[in-house]
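**Q** Here it is: the structure, laid out below.
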Amino acid sequence: MTVCATEAAAEPGDERATGPADVPARPRDVIARPTCVIAADGTYAARLALDGECWFPERWTLDGPEPYAVPLPSHQPEEPGTEVLPMTDGRVLIHRVADGRHTFSLLYPTGPGTGELLLGAVECHDEDTRLWLLPPAPDGEHAYALAVGRDSTAVWLVAGGAFGPEHLAQVPGRCSGGVWLDGTGRLLALDRCRDGRTKTVVVDLGRGGEVTPLLQIAEDSDDRLLLADADSGLLLIRSDAPSPGHDRLGWGVLGSTLPIRFPDCLRATDCAVTPFAIQPGQVLTPERCAVALCIDGPAGSWVGVWRPVERQVHHLPPPEGWLAGTGLWTREGVLRLPYATGAVPCGVTKVTAPVAAVTSEAPPPPERPAARPVPLQQAPLSGQSPVKRRPLFARPVPEDEAFRADGGPGGENRSPAPVPA
């Protein structure tokens with residue numbers, strides 16, 4: 001694999017969905033791309049739109065009084081699998097593929113036309129290597145891609161670098177997923193498959209791609225990280241630890257020793273449930289963060305809202321033309337859902353989710369320490385001496401479907417009894 005810099009002028013991964021509880025886990029070698037990608041700060045979004053039979057990039061502006069779309073057509077139609085990703089400065093990164101060559105450009109409106117800044121290309125000489133864009137980085141100024149080969153995975157900086165695409169890290173094993181754990185774009189969580197098992201690891205891009213474990217719920221389980229919120233530390237996890245061979249949705253808190261829980265209300269029997277957004281700004285109360293779910297069933301797709309402190313999922317009808325699996329929470333708990341119809345080509349519906357009362361039958365989780373846990377239980381990132389990170393291990397607690405997050409698979413269960421989910 002080589003990188004080609006230019007002068008300034010269908011891809012594997014994690015399907016991210018938890019399927020029916022009584023159906024064996026589906027193959028996870030194809031990623032389900034989002035219909036629309038929203039920038040980390042919510043100012044812009046980007047998607048491929050269809051004009052007749054031709055695909056073209058489209059940028060949505062979301063931070064004004066009313067959302068509006070700006071088409072960014074190139075000199076020729078795009079392929080259906082072309083990826084786009086919005087930057088916080090209003091430009092749109094586009095990833096095109098031709099004959100094993102992955103090219104990257106920044107698109108921007110220029111009067112009646114579209115300006116294009118060529119960034120360079122990454123060439124994958126091995127036909128088994130596949131490359132796709134990672135979710136928007138927290139700083140909004142850089143963009144990254146994952147190139148998965150036969151035995152290892154490369155992390156590339158494809159926008160925001162000084163001289164075109166830059167190779168940042170090489171991770172042993174085949175990786176999928178991609179979740180940012182901090183607000184700077186330094187700690188990247190990847191789901192790594194090795195020796196037939198998938199476990200989430202953290203790649204520290206500030207330390208030359210140093211790799212450390214994050215999720216190891218059980219020795220023989222497949223554990224994946226779906227979403228993470230840097231403010232509260234809330235993690236959304238998919239694992240077959242509580243039901244071997246069947247994926248379940250669970251939650252935990254980064255840096256906490258409280259159990260990992262797998263609530264029954266998230267266990268669908270005839271639907272696929274995919275979390276796609278977490279409410280930000282809840283620094284000391286991860287249990288009260290609202291989580292948006294895309295629920296796909298025989299009748300179509302709709303929106304679910306769930307909070308860890310509650311025992312139920314609130315089911316909400318989506319707007320007509322909802323770009324399924326896409327949305328953004330405000331700090332105040334308003335869910336913004338983008339949609340497009342023939343009459344409204346660019347729209348956003350605002351939904352305030354109901355809140356269920358927490359009674360004595362559903363007590364809140366034990367109080368957390370007043371001090372926010374440091375990510376990955378390590379010293380502050382500015383320190384010079386690295387402290388060994390401790391992965392989120394777990395062991396079964398049969399009576400309530402919770403898993404310990406301390407001591408390792410064979411450790412003693414010394415902390416207070418977990419709260420029923």
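By order in the structure tokens, chains are A, B, ...; within a chain, residues start at 1; ligands start at 1, following the order shown.
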Using only C-alpha atoms, which protein or nucleic acid residues come within 10 Å of A:Pro275? Drop anything in the same chain fewer than 5 positions from it, and give the result as a ChimeraX atom specification.
**A** /A:16-18,226-227,236-237,249,291-295,303-306,325-326
**Q** Please save C-alpha atoms of the selected residues as a PDB file, in the first residue's frame.
**A**
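part11.pdb was written with the following content:
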ATOM      1  CA  ARG A  16     -23.731  -1.877  14.088  1.00  0.00           C
ATOM      2  CA  ALA A  17     -27.184  -3.426  14.461  1.00  0.00           C
ATOM      3  CA  THR A  18     -28.363  -5.939  17.020  1.00  0.00           C
ATOM      4  CA  LEU A 226     -21.116   0.936  19.063  1.00  0.00           C
ATOM      5  CA  LEU A 227     -21.194   4.472  20.490  1.00  0.00           C
ATOM      6  CA  LEU A 236     -23.157   1.450  24.067  1.00  0.00           C
ATOM      7  CA  ILE A 237     -21.917  -2.103  23.617  1.00  0.00           C
ATOM      8  CA  LEU A 249     -27.182  -4.409  23.442  1.00  0.00           C
ATOM      9  CA  VAL A 291     -29.941   7.399  23.424  1.00  0.00           C
ATOM     10  CA  ALA A 292     -31.569   7.419  19.983  1.00  0.00           C
ATOM     11  CA  LEU A 293     -32.233   4.035  18.406  1.00  0.00           C
ATOM     12  CA  CYS A 294     -33.057   3.117  14.828  1.00  0.00           C
ATOM     13  CA  ILE A 295     -35.472   0.179  14.970  1.00  0.00           C
ATOM     14  CA  VAL A 303     -37.177   5.872  16.212  1.00  0.00           C
ATOM     15  CA  GLY A 304     -36.680   4.602  19.733  1.00  0.00           C
ATOM     16  CA  VAL A 305     -35.477   6.654  22.698  1.00  0.00           C
ATOM     17  CA  TRP A 306     -34.023   4.992  25.773  1.00  0.00           C
ATOM     18  CA  GLY A 325     -30.258   5.964  11.285  1.00  0.00           C
ATOM     19  CA  THR A 326     -29.285   9.639  11.253  1.00  0.00           C
TER      20      THR A 326
END
**Q** Near A:Thr198, counting only C-alpha atoms, which residues have an atom at most 6 Å away, once you skip same-chain residues fewer than 3 positions from it, shown as a ChimeraX atom specification?
**A** /A:192-193,222-223
**Q** Can you list every residue in stretch 90-221 of chain A that DSSP puts in strand (DSSP E or B), as a ChimeraX atom specification?
**A** /A:92-98,101-110,113-123,130-133,143-148,152-159,166-172,174-180,187-194,197-204,210-213,215-216
**Q** Pick out the residues sitting within 12 Å of A:Gly115, and hand them over as a list in words; count only C-alpha atoms, and ignore anything fewer than 2 positions along from it in its own chain.
**A**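 Everything that qualifies: Ala9, Pro71, Leu72, Pro73, Ser74, His75, Arg91, Val92, Leu93, Ser105, Leu106, Leu107, Tyr108, Pro109, Thr110, Gly111, Pro112, Gly113, Leu117 and Leu118 of chain A.
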**Q** Just list as a list of chain:residue names whatever in stretch 113-316 of chain A DSSP marks as helix (DSSP H, G or I).
**A**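 Everything in stretch 113-316 of chain A that counts as helix (DSSP H, G or I) is A:Leu205, A:Gly206, A:Arg207, A:Asp264, A:Cys265, A:Leu266, A:Pro286, A:Glu287, A:Arg288.
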**Q** Would you mind exporting the chosen residues as an mmCIF file, in the first residue's frame, restricted to all heavy atoms?
**A**
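Listed below is the output, selection_27.cif:
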data_model
loop_
_atom_site.group_PDB
_atom_site.id
_atom_site.type_symbol
_atom_site.label_atom_id
_atom_site.label_comp_id
_atom_site.auth_asym_id
_atom_site.auth_seq_id
_atom_site.Cartn_x
_atom_site.Cartn_y
_atom_site.Cartn_z
ATOM 1 N N LEU A 205 -3.601 7.648 18.772
ATOM 2 C CA LEU A 205 -2.956 8.276 17.628
ATOM 3 C C LEU A 205 -1.919 9.309 18.062
ATOM 4 O O LEU A 205 -1.120 9.762 17.235
ATOM 5 C CB LEU A 205 -4.010 8.941 16.739
ATOM 6 C CG LEU A 205 -5.077 8.001 16.167
ATOM 7 C CD1 LEU A 205 -6.046 8.762 15.292
ATOM 8 C CD2 LEU A 205 -4.431 6.858 15.387
ATOM 9 N N GLY A 206 -1.925 9.674 19.333
ATOM 10 C CA GLY A 206 -0.927 10.599 19.841
ATOM 11 C C GLY A 206 0.328 9.907 20.324
ATOM 12 O O GLY A 206 1.300 10.569 20.711
ATOM 13 N N ARG A 207 0.325 8.577 20.340
ATOM 14 C CA ARG A 207 1.481 7.800 20.775
ATOM 15 C C ARG A 207 1.900 6.803 19.709
ATOM 16 O O ARG A 207 2.235 5.649 19.994
ATOM 17 C CB ARG A 207 1.174 7.073 22.079
ATOM 18 C CG ARG A 207 1.103 8.006 23.287
ATOM 19 C CD ARG A 207 0.839 7.228 24.551
ATOM 20 N NE ARG A 207 0.856 8.105 25.727
ATOM 21 C CZ ARG A 207 0.267 7.819 26.881
ATOM 22 N NH1 ARG A 207 -0.387 6.676 27.005
ATOM 23 N NH2 ARG A 207 0.331 8.649 27.897
ATOM 24 N N ASP A 264 -33.318 -5.861 29.367
ATOM 25 C CA ASP A 264 -34.284 -6.650 28.609
ATOM 26 C C ASP A 264 -35.063 -5.790 27.615
ATOM 27 O O ASP A 264 -35.487 -6.278 26.570
ATOM 28 C CB ASP A 264 -35.270 -7.330 29.570
ATOM 29 C CG ASP A 264 -34.731 -8.647 30.094
ATOM 30 O OD1 ASP A 264 -33.823 -9.206 29.448
ATOM 31 O OD2 ASP A 264 -35.190 -9.105 31.157
ATOM 32 N N CYS A 265 -35.275 -4.496 27.944
ATOM 33 C CA CYS A 265 -36.068 -3.655 27.052
ATOM 34 C C CYS A 265 -35.371 -3.404 25.715
ATOM 35 O O CYS A 265 -36.017 -2.987 24.753
ATOM 36 C CB CYS A 265 -36.419 -2.335 27.731
ATOM 37 S SG CYS A 265 -34.993 -1.292 28.114
ATOM 38 N N LEU A 266 -34.063 -3.652 25.644
ATOM 39 C CA LEU A 266 -33.331 -3.490 24.383
ATOM 40 C C LEU A 266 -33.207 -4.796 23.618
ATOM 41 O O LEU A 266 -32.545 -4.845 22.577
ATOM 42 C CB LEU A 266 -31.925 -2.937 24.653
ATOM 43 C CG LEU A 266 -31.852 -1.545 25.284
ATOM 44 C CD1 LEU A 266 -30.402 -1.136 25.496
ATOM 45 C CD2 LEU A 266 -32.579 -0.518 24.422
ATOM 46 N N PRO A 286 -24.332 9.835 33.365
ATOM 47 C CA PRO A 286 -24.476 9.019 32.150
ATOM 48 C C PRO A 286 -25.759 8.204 32.136
ATOM 49 O O PRO A 286 -26.283 7.893 31.068
ATOM 50 C CB PRO A 286 -23.237 8.122 32.187
ATOM 51 C CG PRO A 286 -22.827 8.071 33.619
ATOM 52 C CD PRO A 286 -23.161 9.427 34.167
ATOM 53 N N GLU A 287 -26.269 7.855 33.335
ATOM 54 C CA GLU A 287 -27.480 7.041 33.404
ATOM 55 C C GLU A 287 -28.695 7.773 32.849
ATOM 56 O O GLU A 287 -29.702 7.156 32.500
ATOM 57 C CB GLU A 287 -27.760 6.619 34.850
ATOM 58 C CG GLU A 287 -26.629 5.847 35.508
ATOM 59 C CD GLU A 287 -25.592 6.771 36.149
ATOM 60 O OE1 GLU A 287 -25.767 8.009 36.075
ATOM 61 O OE2 GLU A 287 -24.606 6.256 36.717
ATOM 62 N N ARG A 288 -28.627 9.106 32.770
ATOM 63 C CA ARG A 288 -29.775 9.888 32.300
ATOM 64 C C ARG A 288 -29.589 10.414 30.885
ATOM 65 O O ARG A 288 -30.406 11.196 30.401
ATOM 66 C CB ARG A 288 -30.055 11.038 33.273
ATOM 67 C CG ARG A 288 -30.426 10.536 34.667
ATOM 68 C CD ARG A 288 -30.853 11.636 35.611
ATOM 69 N NE ARG A 288 -31.186 11.080 36.908
ATOM 70 C CZ ARG A 288 -32.361 10.572 37.249
ATOM 71 N NH1 ARG A 288 -33.331 10.544 36.343
ATOM 72 N NH2 ARG A 288 -32.579 10.081 38.447
#
**Q** Taking only C-alpha atoms into account, name the residue in A:Gly321, A:Pro338, A:Arg96, A:Leu48 that is nearest to A:Glu66.
**A**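 Using only C-alpha atoms, the shortest distance to A:Glu66 belongs to A:Pro338.
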**Q** What is the distance, in Å and to one decimal place, between atom CA of A:Pro77 and atom CA of A:Gly342?
**A** 20.8 Å
**Q** Near A:Leu234, counting only C-alpha atoms, which residues have an atom at most 12 Å away, once you skip same-chain residues fewer than 4 positions from it, shown as an mmCIF file with N, CA, C and O atoms, in the first residue's frame?
**A**
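Saved file out-v4.cif follows:
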data_model
loop_
_atom_site.group_PDB
_atom_site.id
_atom_site.type_symbol
_atom_site.label_atom_id
_atom_site.label_comp_id
_atom_site.auth_asym_id
_atom_site.auth_seq_id
_atom_site.Cartn_x
_atom_site.Cartn_y
_atom_site.Cartn_z
ATOM 1 N N LEU A 181 -13.246 8.320 21.447
ATOM 2 C CA LEU A 181 -13.459 8.283 22.891
ATOM 3 C C LEU A 181 -13.195 9.608 23.578
ATOM 4 O O LEU A 181 -13.548 9.767 24.745
ATOM 5 N N ASP A 182 -12.551 10.537 22.898
ATOM 6 C CA ASP A 182 -12.226 11.819 23.522
ATOM 7 C C ASP A 182 -12.691 12.949 22.617
ATOM 8 O O ASP A 182 -13.234 12.724 21.546
ATOM 9 N N LEU A 225 -17.852 -2.086 20.496
ATOM 10 C CA LEU A 225 -18.292 -0.782 20.963
ATOM 11 C C LEU A 225 -19.044 -0.090 19.832
ATOM 12 O O LEU A 225 -18.503 0.084 18.736
ATOM 13 N N LEU A 226 -20.289 0.313 20.085
ATOM 14 C CA LEU A 226 -21.116 0.936 19.063
ATOM 15 C C LEU A 226 -21.057 2.457 19.114
ATOM 16 O O LEU A 226 -20.944 3.115 18.085
ATOM 17 N N LEU A 227 -21.186 3.025 20.311
ATOM 18 C CA LEU A 227 -21.194 4.472 20.490
ATOM 19 C C LEU A 227 -20.516 4.812 21.807
ATOM 20 O O LEU A 227 -20.503 3.999 22.735
ATOM 21 N N ALA A 228 -19.996 6.027 21.893
ATOM 22 C CA ALA A 228 -19.416 6.525 23.140
ATOM 23 C C ALA A 228 -19.653 8.017 23.214
ATOM 24 O O ALA A 228 -19.643 8.715 22.195
ATOM 25 N N ASP A 229 -19.898 8.508 24.419
ATOM 26 C CA ASP A 229 -20.062 9.938 24.641
ATOM 27 C C ASP A 229 -18.915 10.425 25.508
ATOM 28 O O ASP A 229 -18.726 9.946 26.635
ATOM 29 N N ALA A 230 -18.140 11.372 24.985
ATOM 30 C CA ALA A 230 -16.965 11.847 25.706
ATOM 31 C C ALA A 230 -17.327 12.640 26.952
ATOM 32 O O ALA A 230 -16.554 12.680 27.913
ATOM 33 N N GLY A 250 -25.878 -3.574 25.303
ATOM 34 C CA GLY A 250 -25.608 -3.285 26.697
ATOM 35 C C GLY A 250 -25.012 -1.903 26.853
ATOM 36 O O GLY A 250 -24.738 -1.206 25.869
ATOM 37 N N TRP A 251 -24.795 -1.507 28.109
ATOM 38 C CA TRP A 251 -24.214 -0.193 28.355
ATOM 39 C C TRP A 251 -23.271 -0.251 29.550
ATOM 40 O O TRP A 251 -23.403 -1.092 30.438
ATOM 41 N N GLY A 252 -22.316 0.641 29.549
ATOM 42 C CA GLY A 252 -21.374 0.785 30.649
ATOM 43 C C GLY A 252 -20.879 2.217 30.673
ATOM 44 O O GLY A 252 -21.324 3.062 29.897
ATOM 45 N N VAL A 253 -19.949 2.488 31.562
ATOM 46 C CA VAL A 253 -19.392 3.832 31.699
ATOM 47 C C VAL A 253 -17.875 3.735 31.631
ATOM 48 O O VAL A 253 -17.264 2.936 32.359
ATOM 49 N N LEU A 254 -17.270 4.509 30.764
ATOM 50 C CA LEU A 254 -15.833 4.488 30.578
ATOM 51 C C LEU A 254 -15.120 4.880 31.866
ATOM 52 O O LEU A 254 -15.418 5.908 32.465
ATOM 53 N N GLY A 255 -14.187 4.032 32.320
ATOM 54 C CA GLY A 255 -13.434 4.316 33.522
ATOM 55 C C GLY A 255 -14.132 3.920 34.805
ATOM 56 O O GLY A 255 -13.571 4.092 35.882
ATOM 57 N N SER A 256 -15.351 3.381 34.727
ATOM 58 C CA SER A 256 -16.105 3.016 35.921
ATOM 59 C C SER A 256 -15.890 1.541 36.260
ATOM 60 O O SER A 256 -15.560 0.728 35.399
ATOM 61 N N LEU A 258 -18.486 -0.031 37.753
ATOM 62 C CA LEU A 258 -19.852 -0.530 37.842
ATOM 63 C C LEU A 258 -20.081 -1.591 36.768
ATOM 64 O O LEU A 258 -19.353 -1.665 35.777
ATOM 65 N N ILE A 260 -21.408 -3.875 33.608
ATOM 66 C CA ILE A 260 -21.963 -3.703 32.268
ATOM 67 C C ILE A 260 -23.330 -4.367 32.268
ATOM 68 O O ILE A 260 -23.469 -5.521 32.675
ATOM 69 N N ARG A 261 -24.355 -3.649 31.824
ATOM 70 C CA ARG A 261 -25.735 -4.152 31.896
ATOM 71 C C ARG A 261 -26.284 -4.400 30.498
ATOM 72 O O ARG A 261 -25.955 -3.685 29.555
ATOM 73 N N ALA A 277 -27.191 7.855 18.253
ATOM 74 C CA ALA A 277 -26.840 9.157 18.831
ATOM 75 C C ALA A 277 -27.037 9.117 20.335
ATOM 76 O O ALA A 277 -27.983 8.487 20.838
ATOM 77 N N ILE A 278 -26.135 9.803 21.064
ATOM 78 C CA ILE A 278 -26.211 9.929 22.521
ATOM 79 C C ILE A 278 -26.300 11.405 22.875
ATOM 80 O O ILE A 278 -25.581 12.235 22.303
ATOM 81 N N GLN A 279 -27.160 11.732 23.819
ATOM 82 C CA GLN A 279 -27.300 13.116 24.279
ATOM 83 C C GLN A 279 -26.004 13.581 24.940
ATOM 84 O O GLN A 279 -25.521 12.957 25.882
ATOM 85 N N PRO A 280 -25.420 14.681 24.497
ATOM 86 C CA PRO A 280 -24.168 15.172 25.089
ATOM 87 C C PRO A 280 -24.434 16.052 26.308
ATOM 88 O O PRO A 280 -25.585 16.362 26.642
ATOM 89 N N GLY A 281 -23.350 16.423 26.970
ATOM 90 C CA GLY A 281 -23.434 17.421 28.031
ATOM 91 C C GLY A 281 -23.815 16.913 29.395
ATOM 92 O O GLY A 281 -23.860 17.689 30.350
ATOM 93 N N GLN A 282 -24.068 15.614 29.560
ATOM 94 C CA GLN A 282 -24.478 15.064 30.863
ATOM 95 C C GLN A 282 -23.237 14.545 31.586
ATOM 96 O O GLN A 282 -23.039 13.342 31.746
ATOM 97 N N VAL A 283 -22.405 15.458 32.073
ATOM 98 C CA VAL A 283 -21.056 15.104 32.507
ATOM 99 C C VAL A 283 -21.045 14.084 33.632
ATOM 100 O O VAL A 283 -20.301 13.109 33.603
ATOM 101 N N LEU A 284 -21.856 14.254 34.657
ATOM 102 C CA LEU A 284 -21.816 13.354 35.809
ATOM 103 C C LEU A 284 -23.019 12.423 35.880
ATOM 104 O O LEU A 284 -23.175 11.704 36.865
ATOM 105 N N THR A 285 -23.851 12.423 34.854
ATOM 106 C CA THR A 285 -25.069 11.602 34.904
ATOM 107 C C THR A 285 -25.228 10.781 33.627
ATOM 108 O O THR A 285 -26.179 10.982 32.863
ATOM 109 N N PRO A 286 -24.332 9.835 33.365
ATOM 110 C CA PRO A 286 -24.476 9.019 32.150
ATOM 111 C C PRO A 286 -25.759 8.204 32.136
ATOM 112 O O PRO A 286 -26.283 7.893 31.068
ATOM 113 N N GLU A 287 -26.269 7.855 33.335
ATOM 114 C CA GLU A 287 -27.480 7.041 33.404
ATOM 115 C C GLU A 287 -28.695 7.773 32.849
ATOM 116 O O GLU A 287 -29.702 7.156 32.500
ATOM 117 N N ARG A 288 -28.627 9.106 32.770
ATOM 118 C CA ARG A 288 -29.775 9.888 32.300
ATOM 119 C C ARG A 288 -29.589 10.414 30.885
ATOM 120 O O ARG A 288 -30.406 11.196 30.401
ATOM 121 N N CYS A 289 -28.523 10.017 30.211
ATOM 122 C CA CYS A 289 -28.340 10.396 28.807
ATOM 123 C C CYS A 289 -29.403 9.721 27.943
ATOM 124 O O CYS A 289 -29.652 8.519 28.067
ATOM 125 N N ALA A 290 -30.016 10.475 27.060
ATOM 126 C CA ALA A 290 -30.961 9.890 26.113
ATOM 127 C C ALA A 290 -30.182 9.293 24.937
ATOM 128 O O ALA A 290 -29.232 9.897 24.434
ATOM 129 N N VAL A 291 -30.573 8.104 24.541
ATOM 130 C CA VAL A 291 -29.941 7.399 23.424
ATOM 131 C C VAL A 291 -30.984 7.198 22.340
ATOM 132 O O VAL A 291 -32.088 6.705 22.615
ATOM 133 N N ARG A 307 -33.163 5.613 27.934
ATOM 134 C CA ARG A 307 -32.191 6.114 28.893
ATOM 135 C C ARG A 307 -31.803 4.968 29.817
ATOM 136 O O ARG A 307 -32.679 4.191 30.236
ATOM 137 N N PRO A 308 -30.529 4.842 30.181
ATOM 138 C CA PRO A 308 -30.125 3.731 31.045
ATOM 139 C C PRO A 308 -30.893 3.660 32.354
ATOM 140 O O PRO A 308 -31.102 2.573 32.885
ATOM 141 N N ARG A 372 -15.085 13.137 37.803
ATOM 142 C CA ARG A 372 -15.292 12.401 36.559
ATOM 143 C C ARG A 372 -14.127 11.452 36.326
ATOM 144 O O ARG A 372 -12.968 11.840 36.454
ATOM 145 N N PRO A 373 -14.390 10.173 36.007
ATOM 146 C CA PRO A 373 -13.287 9.236 35.777
ATOM 147 C C PRO A 373 -12.459 9.651 34.571
ATOM 148 O O PRO A 373 -12.969 10.128 33.574
ATOM 149 N N PRO A 375 -10.560 9.061 31.193
ATOM 150 C CA PRO A 375 -10.743 8.045 30.161
ATOM 151 C C PRO A 375 -9.708 6.939 30.243
ATOM 152 O O PRO A 375 -8.505 7.197 30.379
#
**Q** So how far away is atom CA of A:Arg59 from atom CA of A:Gly140, in Å?
**A** 14.9 Å
**Q** Enter the distance from atom CA of A:Arg224 to atom CA of A:His314, in Å, rounded to one decimal.
**A**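 Taking atom CA of A:Arg224 as the start and atom CA of A:His314 as the end point, the length is 24.4 Å.
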**Q** Using only C-alpha atoms, which residues sit within 12 Å of A:Ala159 once same-chain residues fewer than 6 positions away are excluded, as number ranges by chain?
**A** A: 5, 8, 85-87, 91-95, 103-107, 117-121, 133-134, 136-137, 140-145, 165-167
**Q** Using only C-alpha atoms, which residues sit within 9 Å of A:Ala356 once same-chain residues fewer than 5 positions away are excluded, as a list in words?
**A**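 That gives Glu310, Arg311, Gln312 and His314 of chain A.
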**Q** Those selected residues, please, written with N, CA and C atoms and delivered as a compact mmCIF listing (two decimals), in the first residue's frame.
**A**
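Okay, this is what ended up in result.txt:
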# COMPACT_ATOMS: atom_id res chain seq x y z
N GLU A 310 -33.96 4.19 32.84
CA GLU A 310 -35.34 3.75 32.64
C GLU A 310 -35.39 2.27 32.26
N ARG A 311 -36.58 1.69 32.41
CA ARG A 311 -36.79 0.28 32.07
C ARG A 311 -37.47 0.10 30.73
N GLN A 312 -37.69 1.16 29.98
CA GLN A 312 -38.48 1.05 28.76
C GLN A 312 -37.87 1.86 27.63
N HIS A 314 -39.02 4.29 24.48
CA HIS A 314 -40.10 5.10 23.94
C HIS A 314 -40.06 4.99 22.42
